[in-house]
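The structure appears below as structure tokens.
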Amino acid sequence: MHIVILGGDGYLGWPTAMYLSRKGHQVTVVDNYFRRESCRELDVAMLYDVPSLPERARIWHELTGLEIKVVLADLAQPENVRNLFSGDVSYDWAVNENFTGVPEAVVHYAEQPSAPYSLIDHNHANTTITNNLLVTNNLMFAVKDMAPDVHIVKLGTMGEYGTPNIDIEEGWIDISHKGREDKFLFPRQAGSIYHTSKIMDTDLLWFGVRMWDLKVTDLMQGPVYGVDTDESLLDPRLRTIFNYDEVFGTVVNRFIVQAVVGYPLTVYGKGGQTRGYLNIKDTLQCVHKALETPAEAGELRIFNQIMETLSVNQIADLIATVGKTRGHAVEVKQLENPRKEAEEHYYNPVYQGLLDLGVIPHYLTEKVVREMFEVVEKHKSTIRKAIIFKGIKW
Ligand code: USQ
């Protein structure tokens with residue numbers, strides 16, 4: 001398959017590109033370096049430097065002989081999206097400069113992914129909403145107008161559902177009302193502007209599916225953790241970007257960094273907040289399985305992309321336990337929660353669909369945490385404590 005990955009420089013985009021390339025697919029990645037530039041703007045360094053996207057593709061080619069074509073472009077500009085389908089595109093890195101052809105599938109990661117970022121102030125909220133919705137809308141229209149058979153695999157988020165006091169179904173719910181029945185999207189109630197933008201994305205694509213018979217898979221993902229994937233083990237320069245700051249770091253990755261530098265683990269509030277988590281390796285498996293079995297024309301297929309549910313306290317305890325065995329004096333501290341979220345709640349999502357497609361889950365075990373500690377410890381000297389917690393308030 002020829003697969004285009006939008007947001008191919010990101011935490012998930014680049015590992016996905018290598019994974020699909022190694023599976024024998026032709027891969028094109030597109031990115032505008034939003035994440036790298038935002039890190040500079042907010043002065044939140046990553047754990048280690050990563051080469052530019054063309055440089056990563058060059059290293060990948062040197063080591064494997066495989067080609068990942070690179071386009072550096074802002075997908076909020078409609079022509080940059082449409083060029084990916086018309087062939088009017090110039091590559092910033094490629095072995096063969098000729099147009100690969102219209103893709104069979106597009107994986108859409110090209111979004112501002114941070115809840116705290118979206119609540120820094122009204123400008124960052126605007127950036128989140130405009131970027132996320134424009135890219136999704138540009139993609140939807142390009143597919144409708146130029147390549148209606150393309151399978152869109154869009155990364156959604158479990159946070160679209162919030163924490164309702166009923167079981168969370170996989171995307172859809174049957175409702176009986178006054179003696180009549182119908183099927184609807186499961187109710188959405190997001191806890192940040194970022195998560196709200198993801199609800200709007202879903203609504204846009206659901207519209208496109210109903211009006212124009214688009215083929216869409218929505219992967220409702222929980223917080224991801226991890227550093228290495230099988231492909232990055234080839235060479236540390238192929239590692240994904242790794243943030244540990246409050247804005248772009250996710251909780252497991254952050255806590256391991258905090259444990260290594262002796263910064264008390266920042267449990268927000270009571271720590272009973274429960275989410276569905278997954279290893280970065282499972283993101284790659286899930287996207288791959290979804291690509292192998294595309295949605296039908298006129299289908300919005302939704303999977304809950306998580307492998308287990310954990311509370312913040314459970315994560316802190318596990319990381320403290322492993323950290324102590326490695327000689328770190330780990331302290332766990334409950335802070336006043338800067339976010340507005342339920343700290344003790346019911347949480348029971350269904351997540352069967354991707355397992356049925358053959359995804360083999362990894363879990364957050366002591367071994368997995370230990371392997372992450374090993375990587376973080378090597379970069380201990382670069383960790384900046386000042387960026388770990390700033391307290392961006394909801
Ligand atoms: N948390 C702490 N302490 C911290 C950081 C986080 O207690 O230092 C808590 C948060 O309050 C939250 C939970 O840990 O209850 C998860 O927070 P997170 O920062 O790891 O993840 P979140 O903001 O929910 O967002 C992340 C990704 C986002 C993705 C989402 C999936 O950044 O792109 O969509 O996970 S989900 O949470 O299921 O919506």
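By order of appearance in the structure tokens: chains A, B, ..., then residues from 1 within every chain, and ligands from 1 in the order shown.
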
Can you build me a table of chain A residues sitting at most 6 Å from ligand 1, with the closest atom pair per residue and its distance in Å to one decimal, using only C-alpha atoms and all ligand atoms, sorted by chain and residue number, as JSON lines?
{"residue": "A:Pro113", "atom": "CA", "partner": "ligand 1", "partner_atom_place_in_ligand_line": "33 (O)", "distance": 4.1}
{"residue": "A:Ser114", "atom": "CA", "partner": "ligand 1", "partner_atom_place_in_ligand_line": "32 (O)", "distance": 4.6}
{"residue": "A:Ala115", "atom": "CA", "partner": "ligand 1", "partner_atom_place_in_ligand_line": "23 (O)", "distance": 4.9}
{"residue": "A:Thr157", "atom": "CA", "partner": "ligand 1", "partner_atom_place_in_ligand_line": "34 (O)", "distance": 4.4}
{"residue": "A:Met158", "atom": "CA", "partner": "ligand 1", "partner_atom_place_in_ligand_line": "38 (O)", "distance": 3.9}
{"residue": "A:Gly159", "atom": "CA", "partner": "ligand 1", "partner_atom_place_in_ligand_line": "39 (O)", "distance": 3.0}
{"residue": "A:Gln221", "atom": "CA", "partner": "ligand 1", "partner_atom_place_in_ligand_line": "31 (C)", "distance": 5.6}
{"residue": "A:Gly222", "atom": "CA", "partner": "ligand 1", "partner_atom_place_in_ligand_line": "38 (O)", "distance": 3.4}
{"residue": "A:Pro223", "atom": "CA", "partner": "ligand 1", "partner_atom_place_in_ligand_line": "35 (O)", "distance": 3.5}
{"residue": "A:Thr250", "atom": "CA", "partner": "ligand 1", "partner_atom_place_in_ligand_line": "20 (O)", "distance": 3.5}
{"residue": "A:Val251", "atom": "CA", "partner": "ligand 1", "partner_atom_place_in_ligand_line": "20 (O)", "distance": 3.7}
{"residue": "A:Thr266", "atom": "CA", "partner": "ligand 1", "partner_atom_place_in_ligand_line": "8 (O)", "distance": 4.6}
{"residue": "A:Val267", "atom": "CA", "partner": "ligand 1", "partner_atom_place_in_ligand_line": "7 (O)", "distance": 3.9}
{"residue": "A:Tyr268", "atom": "CA", "partner": "ligand 1", "partner_atom_place_in_ligand_line": "7 (O)", "distance": 3.7}
{"residue": "A:Gly271", "atom": "CA", "partner": "ligand 1", "partner_atom_place_in_ligand_line": "7 (O)", "distance": 5.9}
{"residue": "A:Gln273", "atom": "CA", "partner": "ligand 1", "partner_atom_place_in_ligand_line": "15 (O)", "distance": 4.8}
{"residue": "A:Arg275", "atom": "CA", "partner": "ligand 1", "partner_atom_place_in_ligand_line": "38 (O)", "distance": 5.7}
{"residue": "A:Val312", "atom": "CA", "partner": "ligand 1", "partner_atom_place_in_ligand_line": "7 (O)", "distance": 5.6}

Residues just named, written with N, CA and C atoms as a compact mmCIF listing (two decimals), in the first residue's frame:
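Output file selection-v5.txt follows:
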# COMPACT_ATOMS: atom_id res chain seq x y z
N PRO A 113 -1.68 18.11 20.00
CA PRO A 113 -2.18 16.98 20.80
C PRO A 113 -2.26 17.20 22.31
N SER A 114 -2.00 18.41 22.77
CA SER A 114 -1.88 18.58 24.22
C SER A 114 -3.06 19.33 24.83
N ALA A 115 -3.63 18.74 25.89
CA ALA A 115 -4.73 19.41 26.61
C ALA A 115 -4.22 20.67 27.32
N THR A 157 -9.46 10.36 20.40
CA THR A 157 -8.98 10.21 21.76
C THR A 157 -10.10 9.74 22.68
N MET A 158 -9.73 8.90 23.64
CA MET A 158 -10.70 8.42 24.62
C MET A 158 -11.29 9.59 25.40
N GLY A 159 -10.52 10.67 25.48
CA GLY A 159 -10.98 11.85 26.22
C GLY A 159 -12.22 12.50 25.61
N GLN A 221 -7.83 6.86 21.12
CA GLN A 221 -6.63 6.43 21.83
C GLN A 221 -6.55 7.03 23.23
N GLY A 222 -6.00 6.28 24.16
CA GLY A 222 -5.70 6.79 25.49
C GLY A 222 -4.29 7.34 25.54
N PRO A 223 -3.83 7.81 26.71
CA PRO A 223 -2.46 8.31 26.81
C PRO A 223 -1.46 7.18 26.48
N THR A 250 3.35 12.97 28.40
CA THR A 250 2.21 12.24 28.99
C THR A 250 2.66 11.62 30.31
N VAL A 251 1.69 11.23 31.12
CA VAL A 251 1.96 11.05 32.54
C VAL A 251 3.02 9.97 32.84
N THR A 266 4.32 14.09 40.36
CA THR A 266 3.26 15.10 40.47
C THR A 266 1.88 14.47 40.25
N VAL A 267 1.36 13.84 41.29
CA VAL A 267 0.00 13.28 41.18
C VAL A 267 -0.98 14.45 41.36
N TYR A 268 -1.83 14.65 40.34
CA TYR A 268 -2.77 15.77 40.42
C TYR A 268 -3.97 15.37 41.27
N GLY A 271 -5.64 11.58 42.58
CA GLY A 271 -4.93 10.55 41.82
C GLY A 271 -5.80 9.36 41.42
N GLN A 273 -7.91 9.53 39.05
CA GLN A 273 -8.25 9.71 37.63
C GLN A 273 -7.83 8.45 36.88
N ARG A 275 -7.64 6.24 33.31
CA ARG A 275 -7.66 6.36 31.85
C ARG A 275 -7.23 5.01 31.26
N VAL A 312 -3.95 7.27 38.15
CA VAL A 312 -2.67 7.98 38.31
C VAL A 312 -1.93 7.41 39.52

With a distance cut-off of 10 Å and only C-alpha atoms, select the neighbouring residues of Asp218 in chain A, excluding the residue or stretch itself and same-chain residues fewer than 6 positions from it, and output the selection as a VMD selection string. chain A and resid 108 152 to 157 171 201 to 202 205 to 206 290 295 300 to 305

Kindly save the residues from that selection, with all heavy atoms included, as a compact mmCIF listing (two decimals), in the first residue's frame.
# COMPACT_ATOMS: atom_id res chain seq x y z
N HIS A 108 -3.97 10.11 9.90
CA HIS A 108 -4.04 11.53 10.27
C HIS A 108 -3.68 11.74 11.75
O HIS A 108 -4.50 11.52 12.64
CB HIS A 108 -5.46 12.04 9.96
CG HIS A 108 -5.73 13.44 10.40
ND1 HIS A 108 -4.74 14.35 10.68
CD2 HIS A 108 -6.91 14.10 10.61
CE1 HIS A 108 -5.30 15.50 11.04
NE2 HIS A 108 -6.60 15.37 11.01
N ILE A 152 -9.33 6.77 5.38
CA ILE A 152 -8.77 7.73 6.35
C ILE A 152 -8.72 7.05 7.72
O ILE A 152 -9.75 6.62 8.23
CB ILE A 152 -9.64 9.00 6.44
CG1 ILE A 152 -9.70 9.72 5.09
CG2 ILE A 152 -9.13 9.93 7.54
CD1 ILE A 152 -10.67 10.91 5.06
N VAL A 153 -7.51 6.98 8.28
CA VAL A 153 -7.38 6.48 9.65
C VAL A 153 -7.03 7.69 10.51
O VAL A 153 -5.94 8.25 10.39
CB VAL A 153 -6.29 5.40 9.75
CG1 VAL A 153 -6.09 4.97 11.21
CG2 VAL A 153 -6.65 4.20 8.89
N LYS A 154 -7.98 8.11 11.30
CA LYS A 154 -7.80 9.34 12.08
C LYS A 154 -7.63 8.99 13.55
O LYS A 154 -8.34 8.14 14.08
CB LYS A 154 -9.02 10.24 11.82
CG LYS A 154 -9.09 11.47 12.67
CD LYS A 154 -10.09 11.27 13.75
CE LYS A 154 -10.75 12.46 14.31
NZ LYS A 154 -11.66 12.06 15.39
N LEU A 155 -6.64 9.63 14.17
CA LEU A 155 -6.44 9.39 15.59
C LEU A 155 -7.41 10.25 16.38
O LEU A 155 -7.34 11.48 16.33
CB LEU A 155 -4.99 9.70 15.98
CG LEU A 155 -4.03 8.53 15.90
CD1 LEU A 155 -4.25 7.56 17.05
CD2 LEU A 155 -4.10 7.78 14.57
N GLY A 156 -8.29 9.60 17.08
CA GLY A 156 -9.19 10.28 18.00
C GLY A 156 -8.64 10.11 19.41
O GLY A 156 -7.48 9.76 19.60
N THR A 157 -9.46 10.36 20.40
CA THR A 157 -8.98 10.21 21.76
C THR A 157 -10.10 9.74 22.68
O THR A 157 -11.26 10.15 22.52
CB THR A 157 -8.36 11.53 22.28
OG1 THR A 157 -8.15 11.41 23.68
CG2 THR A 157 -9.24 12.73 22.02
N GLY A 171 -17.52 3.58 20.46
CA GLY A 171 -17.94 4.59 19.48
C GLY A 171 -19.43 4.82 19.39
O GLY A 171 -19.86 5.94 19.23
N ASP A 201 -13.59 17.14 15.17
CA ASP A 201 -13.00 16.33 14.08
C ASP A 201 -13.89 15.15 13.74
O ASP A 201 -14.15 14.86 12.58
CB ASP A 201 -11.72 15.64 14.59
CG ASP A 201 -10.48 16.42 14.41
OD1 ASP A 201 -10.52 17.45 13.74
OD2 ASP A 201 -9.46 15.98 14.96
N THR A 202 -14.29 14.45 14.80
CA THR A 202 -15.12 13.27 14.60
C THR A 202 -16.41 13.68 13.89
O THR A 202 -16.86 13.01 12.95
CB THR A 202 -15.45 12.60 15.95
OG1 THR A 202 -14.23 12.29 16.61
CG2 THR A 202 -16.27 11.33 15.77
N LEU A 205 -15.85 14.31 10.16
CA LEU A 205 -15.69 13.10 9.35
C LEU A 205 -16.97 12.26 9.32
O LEU A 205 -17.26 11.61 8.31
CB LEU A 205 -14.49 12.28 9.86
CG LEU A 205 -13.14 12.95 9.55
CD1 LEU A 205 -12.00 12.20 10.22
CD2 LEU A 205 -12.88 13.05 8.05
N TRP A 206 -17.73 12.29 10.38
CA TRP A 206 -19.01 11.57 10.39
C TRP A 206 -19.95 12.19 9.35
O TRP A 206 -20.67 11.50 8.64
CB TRP A 206 -19.58 11.59 11.81
CG TRP A 206 -20.94 11.01 12.07
CD1 TRP A 206 -21.85 11.51 12.95
CD2 TRP A 206 -21.55 9.83 11.50
NE1 TRP A 206 -22.99 10.73 12.96
CE2 TRP A 206 -22.82 9.69 12.08
CE3 TRP A 206 -21.13 8.90 10.56
CZ2 TRP A 206 -23.69 8.66 11.75
CZ3 TRP A 206 -22.00 7.86 10.22
CH2 TRP A 206 -23.26 7.76 10.82
N ALA A 290 -5.66 -1.64 11.51
CA ALA A 290 -6.78 -0.85 10.97
C ALA A 290 -6.58 -0.62 9.47
O ALA A 290 -7.54 -0.66 8.68
CB ALA A 290 -6.90 0.48 11.70
N ALA A 295 -12.16 0.41 6.59
CA ALA A 295 -13.59 0.64 6.76
C ALA A 295 -14.25 0.56 5.38
O ALA A 295 -13.60 0.74 4.35
CB ALA A 295 -13.81 2.03 7.35
N LEU A 300 -18.19 4.86 9.31
CA LEU A 300 -17.30 5.44 10.32
C LEU A 300 -17.10 4.33 11.35
O LEU A 300 -17.98 4.05 12.15
CB LEU A 300 -17.93 6.67 10.97
CG LEU A 300 -17.18 7.23 12.19
CD1 LEU A 300 -15.77 7.68 11.85
CD2 LEU A 300 -17.95 8.40 12.81
N ARG A 301 -15.94 3.69 11.26
CA ARG A 301 -15.65 2.56 12.15
C ARG A 301 -14.84 3.09 13.33
O ARG A 301 -13.85 3.79 13.13
CB ARG A 301 -14.83 1.53 11.36
CG ARG A 301 -14.49 0.31 12.13
CD ARG A 301 -13.74 -0.67 11.27
NE ARG A 301 -12.49 -0.12 10.76
CZ ARG A 301 -11.47 -0.86 10.35
NH1 ARG A 301 -11.56 -2.18 10.35
NH2 ARG A 301 -10.35 -0.31 9.90
N ILE A 302 -15.24 2.77 14.52
CA ILE A 302 -14.58 3.35 15.70
C ILE A 302 -14.06 2.23 16.61
O ILE A 302 -14.79 1.30 16.94
CB ILE A 302 -15.56 4.25 16.49
CG1 ILE A 302 -16.13 5.34 15.56
CG2 ILE A 302 -14.85 4.89 17.69
CD1 ILE A 302 -17.13 6.26 16.21
N PHE A 303 -12.79 2.36 16.99
CA PHE A 303 -12.20 1.43 17.96
C PHE A 303 -11.68 2.22 19.16
O PHE A 303 -11.12 3.30 18.99
CB PHE A 303 -10.99 0.70 17.35
CG PHE A 303 -11.33 -0.24 16.23
CD1 PHE A 303 -10.77 -0.05 14.97
CD2 PHE A 303 -12.20 -1.30 16.43
CE1 PHE A 303 -11.07 -0.92 13.92
CE2 PHE A 303 -12.50 -2.18 15.39
CZ PHE A 303 -11.94 -1.99 14.14
N ASN A 304 -11.83 1.66 20.33
CA ASN A 304 -11.21 2.25 21.52
C ASN A 304 -9.80 1.67 21.63
O ASN A 304 -9.63 0.46 21.83
CB ASN A 304 -12.04 1.95 22.76
CG ASN A 304 -13.37 2.70 22.72
OD1 ASN A 304 -13.52 3.65 21.94
ND2 ASN A 304 -14.31 2.31 23.55
N GLN A 305 -8.83 2.55 21.44
CA GLN A 305 -7.43 2.11 21.32
C GLN A 305 -6.70 2.23 22.67
O GLN A 305 -5.94 3.16 22.90
CB GLN A 305 -6.75 2.94 20.22
CG GLN A 305 -5.35 2.50 19.90
CD GLN A 305 -4.91 2.99 18.54
OE1 GLN A 305 -5.58 2.77 17.55
NE2 GLN A 305 -3.77 3.65 18.47

Find the residues near Glu41 in chain A: any atom within 12 Å, counting only C-alpha atoms, skip ones fewer than 6 places away on the same chain, and give them as a PyMOL selection string. chain A and resi 34-35+117+124+247

Can you check which residues of range 6-82 of chain A DSSP gives as helix (DSSP H, G or I) on the backbone and send them as a VMD selection string? chain A and resid 13 to 22 34 to 42 53 to 64 78 to 82

Atom pair CA of Thr365 in chain A / CA of Asn243 in chain A: separation (Å):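 Separating CA of Thr365 in chain A from CA of Asn243 in chain A is a distance of 21.1 Å.
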
Need to verify the contact set: Lys215 in chain A, 7 Å, only C-alpha atoms, exclusion of same-chain residues closer than 6 positions in sequence. Can you return it as number ranges by chain? A: 150-152, 209, 295-300

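Coordinates place CA of Ala316 in chain A at a distance of 12.1 Å from CA of Glu366 in chain A.
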
Choose the residue, out of A:Val27, A:Leu84, A:Ala147, A:Leu204, that has the smallest atom-to-atom separation from Leu134 in chain A; count only C-alpha atoms.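 Between A:Val27, A:Leu84, A:Ala147, A:Leu204, the residue approaching Leu134 in chain A most closely is A:Leu204.
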
Fewer than 3 positions away in the same chain doesn't count, so skip those; otherwise give me all residues within 12 Å of range 15-17 of chain A, counting only C-alpha atoms, as a PyMOL selection string. chain A and resi 2-12+20-30+53+56-57+60+66-70+106-109+226-233+237-242+280-288+291

Ser90 in chain A: which residues within 9 Å, counting only C-alpha atoms, same-chain residues fewer than 6 positions away excluded, as a CSV table (one decimal) with N, CA, C and O atoms, in the first residue's frame?
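The resulting file, around.csv, is shown below:
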chain,number,residue,atom,x,y,z
A,71,VAL,N,7.7,15.3,3.1
A,71,VAL,CA,7.2,16.6,2.6
A,71,VAL,C,7.1,17.5,3.9
A,71,VAL,O,6.4,17.1,4.8
A,83,ASN,N,-2.2,18.7,-3.0
A,83,ASN,CA,-1.0,18.3,-3.8
A,83,ASN,C,-0.6,16.9,-3.5
A,83,ASN,O,0.0,16.2,-4.4
A,97,GLU,N,12.4,10.9,-6.8
A,97,GLU,CA,11.7,12.1,-6.7
A,97,GLU,C,10.3,12.1,-7.4
A,97,GLU,O,9.5,13.0,-7.3
A,98,ASN,N,10.1,11.0,-8.1
A,98,ASN,CA,8.8,10.9,-8.8
A,98,ASN,C,7.6,10.7,-7.9
A,98,ASN,O,7.8,10.1,-6.8
A,99,PHE,N,6.5,11.2,-8.2
A,99,PHE,CA,5.3,11.1,-7.4
A,99,PHE,C,4.9,9.6,-7.2
A,99,PHE,O,4.9,8.8,-8.2

With a distance cut-off of 12 Å and only C-alpha atoms, select the neighbouring residues of range 370-379 of chain A, excluding the residue or stretch itself and same-chain residues fewer than 5 positions from it, and output the selection as number ranges by chain. A: 46-49, 225-229, 233, 236, 239, 242-244, 252-262, 279-280, 318-328, 364-365, 384

Export C-alpha atoms of the chosen residues as a short mmCIF file (atom, residue, chain, number, x, y, z; two decimals), in the first residue's frame?
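Saved the output as again.cif:
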data_model
loop_
_atom_site.label_atom_id
_atom_site.label_comp_id
_atom_site.auth_asym_id
_atom_site.auth_seq_id
_atom_site.Cartn_x
_atom_site.Cartn_y
_atom_site.Cartn_z
CA MET A 46 12.94 17.29 24.82
CA LEU A 47 14.90 14.57 26.63
CA TYR A 48 17.36 14.31 23.72
CA ASP A 49 17.76 15.96 20.33
CA TYR A 225 3.84 5.79 26.98
CA GLY A 226 7.20 4.46 25.84
CA VAL A 227 10.36 5.38 23.98
CA ASP A 228 11.72 2.60 21.83
CA THR A 229 10.03 0.55 19.16
CA LEU A 233 16.49 -0.14 18.27
CA PRO A 236 19.24 5.73 18.69
CA ARG A 239 14.17 7.35 18.38
CA PHE A 242 10.33 12.41 23.97
CA ASN A 243 8.80 15.19 26.06
CA TYR A 244 8.63 15.21 29.85
CA VAL A 252 3.95 7.78 32.48
CA ASN A 253 6.84 9.30 30.53
CA ARG A 254 6.85 12.30 32.87
CA PHE A 255 6.85 10.27 36.08
CA ILE A 256 9.86 8.22 34.97
CA VAL A 257 11.85 11.38 34.23
CA GLN A 258 10.77 12.85 37.56
CA ALA A 259 11.87 9.70 39.40
CA VAL A 260 15.29 9.84 37.74
CA VAL A 261 16.00 13.46 38.76
CA GLY A 262 14.49 13.22 42.24
CA ASN A 279 2.44 1.24 24.87
CA ILE A 280 3.72 3.14 21.83
CA LEU A 318 4.54 1.29 40.00
CA ILE A 319 7.11 3.87 38.93
CA ALA A 320 8.11 4.55 42.54
CA THR A 321 8.61 0.81 43.13
CA VAL A 322 10.76 0.31 40.05
CA GLY A 323 12.63 3.59 40.64
CA LYS A 324 13.58 2.56 44.17
CA THR A 325 15.00 -0.78 42.96
CA ARG A 326 17.25 1.29 40.68
CA GLY A 327 18.53 3.42 43.53
CA HIS A 328 16.35 6.50 43.03
CA LEU A 364 2.73 -1.49 31.77
CA THR A 365 4.79 -4.05 33.67
CA ARG A 384 15.57 20.46 33.18
#

So which one's closest to Asn126 in chain A, A:Ile193, A:Ile173, A:Ile168, A:Val89? Using only C-alpha atoms, please. A:Ile193

Could you pull out the strand (DSSP E or B) residues of range 20-170 of chain A, going by DSSP on the backbone, and write them as a list in words?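 DSSP on the backbone gives strand (DSSP E or B) at Gln26, Val27, Thr28, Val29, Val30, Asp31, Met46, Ile68, Lys69, Val70, Val71, Leu72, Trp93, Ala105, Val106, Val107, His108, His151, Ile152, Val153, Lys154, Leu155, Gly156, Thr157 and Ile168 of chain A.
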
Hey, can you check how far CA of Asp31 in chain A sits from CA of Leu139 in chain A?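 Atom-to-atom, CA of Asp31 in chain A to CA of Leu139 in chain A, that is 13.9 Å.
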
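Comparing the minimum interatomic distances between Gly276 in chain A and each of A:Val332, A:Leu357, A:Tyr347, A:Gly208, counting only C-alpha atoms, we find that A:Tyr347 sits nearest.
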